[in-house]
Amino acid sequence: IKKNNIENPIVYIMACRIGPFAKHFYKEIHRLGGKVYLNPDGHEWMRAKWSKPIRKYWKISEQMMVKYCDLAICDSVNIEKYIHEQYDGKGINGKNPNTTFIAYGADLTPSKLSDDDEKLVEWYKDKGLSKKNYYLVVGRFVPENSFEIMIREFMKSKSKRDFALITNVNEKFLNELENKLHFRGDSRIKFVGTVYDQELLKKIRENAYAYFHGHTVGGTNPSLIEALGSTDLNLLVDVGFNKEVAEDCALYWSQEPGDLANLIDKADVMNVDEITKIGKKAKKRVSEEYTWDKICGQYEDVF
């Protein structure tokens, strides 16, 4: 800012990592005639991958950063609500934090690949999968994304379809799950590695019979928006973050034993018209609320 003589700068900070330095930078930026905006992201302090001291640090850091920002831009209505519940009256001079909601977006253009594209045909052959004959999940292989529940419940279900998991496998967590669930004995459960080819990944989503979304600690999750924009039938864990995005364009499951297995059995026999109808509704919702055009416009207004 000093070097380039930027007037009225806005410094936009993503996530709540630097809490102990927040006051220093806030004052420094204000001295230069600027403002500090913050995106608090999701509930980082709830993630199981962090040790207790690190989780505690994330929480304290979040509090300090919310206090020393001019505006918190939340990518989820539920995160905005949480910021006020936690930090009202705790801002500078006991003020409430200033917040706004701007969603997160996703690329919603359909895949350029056709069903007989060699790349797709080869991938299906290699993984032992076929169009509309698999349930799908795409996401980081971490406990808070409900992998244990999804695998356990799928194993309980009567489905003849496969369950394909596109994820970066963490051997320690994988072995823990195998010891608990013995999923390797169920030929329907298929860990198929990662897919970084975006066109191929889109096509795999579009051709899935249904998509599972088990994220429990995020804000607006991009993989959920992508799924709603491409897979007709979406089965989501029933938490506020997911409900605010999908509303009535998806089916929901609780974390209670047996609940998801029952939903899978019901989903398995849904008629094509029903599935197409819910799919169209989901696509309409994301194309109205979660396009980058709309979101960039909202950011321009805020800035």
# chains A, B, ... in the order shown; residues from 1 in each chain; ligands from 1
>>> closest_atom_pairs(of="region 171-218 of chain A", to="region 108-116 of chain A", cutoff="10 Å", atoms="only C-alpha atoms", output="CSV")
residue,atom,partner,partner_atom,distance
A:Gln198,CA,A:Ser111,CA,8.3
A:Glu199,CA,A:Ser111,CA,5.2
A:Leu200,CA,A:Leu113,CA,7.1
A:Leu201,CA,A:Ser111,CA,8.3
A:Lys202,CA,A:Ser111,CA,5.4
A:Lys203,CA,A:Ser111,CA,5.5
A:Ile204,CA,A:Ser111,CA,9.1
A:Arg205,CA,A:Ser111,CA,9.4
A:Glu206,CA,A:Ser111,CA,8.1
A:Asn207,CA,A:Asp115,CA,8.6
>>> write_last_selection(atoms="N, CA and C atoms", output="PDB file, in the first residue's frame")
ATOM      1  N   GLN A 198     -11.058 -31.758 -14.831  1.00  0.00           N
ATOM      2  CA  GLN A 198     -12.357 -31.152 -14.496  1.00  0.00           C
ATOM      3  C   GLN A 198     -13.505 -31.624 -15.395  1.00  0.00           C
ATOM      4  N   GLU A 199     -13.236 -31.776 -16.688  1.00  0.00           N
ATOM      5  CA  GLU A 199     -14.295 -32.226 -17.606  1.00  0.00           C
ATOM      6  C   GLU A 199     -14.728 -33.656 -17.286  1.00  0.00           C
ATOM      7  N   LEU A 200     -13.739 -34.492 -16.989  1.00  0.00           N
ATOM      8  CA  LEU A 200     -14.041 -35.887 -16.624  1.00  0.00           C
ATOM      9  C   LEU A 200     -14.815 -35.939 -15.308  1.00  0.00           C
ATOM     10  N   LEU A 201     -14.373 -35.148 -14.332  1.00  0.00           N
ATOM     11  CA  LEU A 201     -15.047 -35.130 -13.030  1.00  0.00           C
ATOM     12  C   LEU A 201     -16.504 -34.680 -13.170  1.00  0.00           C
ATOM     13  N   LYS A 202     -16.729 -33.644 -13.990  1.00  0.00           N
ATOM     14  CA  LYS A 202     -18.111 -33.170 -14.220  1.00  0.00           C
ATOM     15  C   LYS A 202     -18.969 -34.292 -14.792  1.00  0.00           C
ATOM     16  N   LYS A 203     -18.398 -35.013 -15.766  1.00  0.00           N
ATOM     17  CA  LYS A 203     -19.160 -36.080 -16.428  1.00  0.00           C
ATOM     18  C   LYS A 203     -19.476 -37.207 -15.451  1.00  0.00           C
ATOM     19  N   ILE A 204     -18.517 -37.521 -14.589  1.00  0.00           N
ATOM     20  CA  ILE A 204     -18.728 -38.570 -13.580  1.00  0.00           C
ATOM     21  C   ILE A 204     -19.861 -38.154 -12.632  1.00  0.00           C
ATOM     22  N   ARG A 205     -19.893 -36.864 -12.267  1.00  0.00           N
ATOM     23  CA  ARG A 205     -20.979 -36.358 -11.424  1.00  0.00           C
ATOM     24  C   ARG A 205     -22.320 -36.458 -12.155  1.00  0.00           C
ATOM     25  N   GLU A 206     -22.327 -36.002 -13.425  1.00  0.00           N
ATOM     26  CA  GLU A 206     -23.580 -35.986 -14.200  1.00  0.00           C
ATOM     27  C   GLU A 206     -24.158 -37.387 -14.357  1.00  0.00           C
ATOM     28  N   ASN A 207     -23.284 -38.381 -14.479  1.00  0.00           N
ATOM     29  CA  ASN A 207     -23.734 -39.755 -14.718  1.00  0.00           C
ATOM     30  C   ASN A 207     -23.980 -40.570 -13.452  1.00  0.00           C
TER      31      ASN A 207
END
>>> select_by_dssp(residues="region 21-214 of chain A", states="helix (DSSP H, G or I)", output="PyMOL selection string")
chain A and resi 21-31+44-46+52-67+77-87+92-94+118-127+143-145+147-156+171-181+183-185+198-206
>>> closest_residue(among="A:Ser187, A:Asn39, A:Asn133, A:Gln86", to="Thr100 (chain A)", atoms="only C-alpha atoms")
A:Asn39
>>> residues_around(residues="Pro9 (chain A)", least_positions_apart="6", cutoff="9 Å", atoms="only C-alpha atoms", output="list of chain:residue names")
A:Ile1, A:Ile29, A:Leu32, A:Gly33, A:Gly34, A:Lys35, A:Val36
>>> residues_around(residues="Ser159 (chain A)", least_positions_apart="4", cutoff="10 Å", atoms="only C-alpha atoms", output="compact mmCIF listing (two decimals) with C-alpha atoms, in the first residue's frame")
# COMPACT_ATOMS: atom_id res chain seq x y z
CA TYR A 134 -23.27 -45.76 -8.78
CA TYR A 135 -23.66 -43.44 -5.80
CA PHE A 154 -24.29 -47.99 2.45
CA MET A 155 -23.14 -51.41 3.64
CA PHE A 163 -20.60 -46.53 -4.03
CA ARG A 188 -19.87 -52.25 -3.85
CA ALA A 261 -29.48 -46.77 4.90
CA ILE A 264 -30.63 -45.15 0.17
CA ASP A 265 -33.22 -47.93 -0.09
CA LYS A 266 -35.93 -45.35 -0.85
CA ALA A 267 -33.72 -43.47 -3.35
CA ASP A 268 -32.89 -46.73 -5.07
CA VAL A 269 -36.50 -47.24 -6.17
>>> closest_residue(among="A:Ile102, A:Met270, A:Val302, A:Val11", to="Asn78 (chain A)", atoms="only C-alpha atoms")
A:Ile102
>>> closest_atom_pairs(of="region 80-178 of chain A", to="region 218-229 of chain A", cutoff="9 Å", atoms="only C-alpha atoms", output="JSON lines")
{"residue": "A:Ala103", "atom": "CA", "partner": "A:Thr220", "partner_atom": "CA", "distance": 6.7}
{"residue": "A:Tyr104", "atom": "CA", "partner": "A:Thr220", "partner_atom": "CA", "distance": 6.0}
{"residue": "A:Gly105", "atom": "CA", "partner": "A:Pro222", "partner_atom": "CA", "distance": 6.4}
{"residue": "A:Ala106", "atom": "CA", "partner": "A:Pro222", "partner_atom": "CA", "distance": 5.8}
{"residue": "A:Asp107", "atom": "CA", "partner": "A:Glu226", "partner_atom": "CA", "distance": 6.9}
{"residue": "A:Leu108", "atom": "CA", "partner": "A:Gly229", "partner_atom": "CA", "distance": 5.8}
{"residue": "A:Thr109", "atom": "CA", "partner": "A:Gly229", "partner_atom": "CA", "distance": 8.3}
{"residue": "A:Pro110", "atom": "CA", "partner": "A:Gly229", "partner_atom": "CA", "distance": 8.4}
{"residue": "A:Val138", "atom": "CA", "partner": "A:Ser223", "partner_atom": "CA", "distance": 7.2}
{"residue": "A:Gly139", "atom": "CA", "partner": "A:Ser223", "partner_atom": "CA", "distance": 7.3}
>>> select_by_dssp(residues="region 10-177 of chain A", states="strand (DSSP E)", output="JSON, numbers by chain")
{"A": [10, 11, 12, 13, 14, 35, 36, 37, 38, 39, 71, 72, 73, 74, 99, 100, 101, 134, 135, 136, 137, 138, 162, 163, 164, 165, 166]}
>>> residues_around(residues="Glu256 (chain A)", least_positions_apart="6", cutoff="12 Å", atoms="only C-alpha atoms", output="list in words")
Ser146, Ile149, Met150, Arg152, Glu153, Val237, Asp238, Asn262 and Leu263 of chain A
>>> closest_residue(among="A:Val245, A:Tyr87, A:Lys49, A:Thr231", to="Phe173 (chain A)", atoms="only C-alpha atoms")
A:Lys49
>>> residues_around(residues="Gln298 (chain A)", least_positions_apart="2", cutoff="12 Å", atoms="only C-alpha atoms", output="ChimeraX atom specification")
/A:73,75,100-105,289-296,300-303
>>> atom_distance(atom1="CA of Ser287 (chain A)", atom2="CA of Ser130 (chain A)")
27.8 Å
>>> atom_distance(atom1="CA of Asp197 (chain A)", atom2="CA of Asp232 (chain A)")
21.1 Å
>>> atom_distance(atom1="CA of Leu120 (chain A)", atom2="CA of Ala246 (chain A)")
28.2 Å
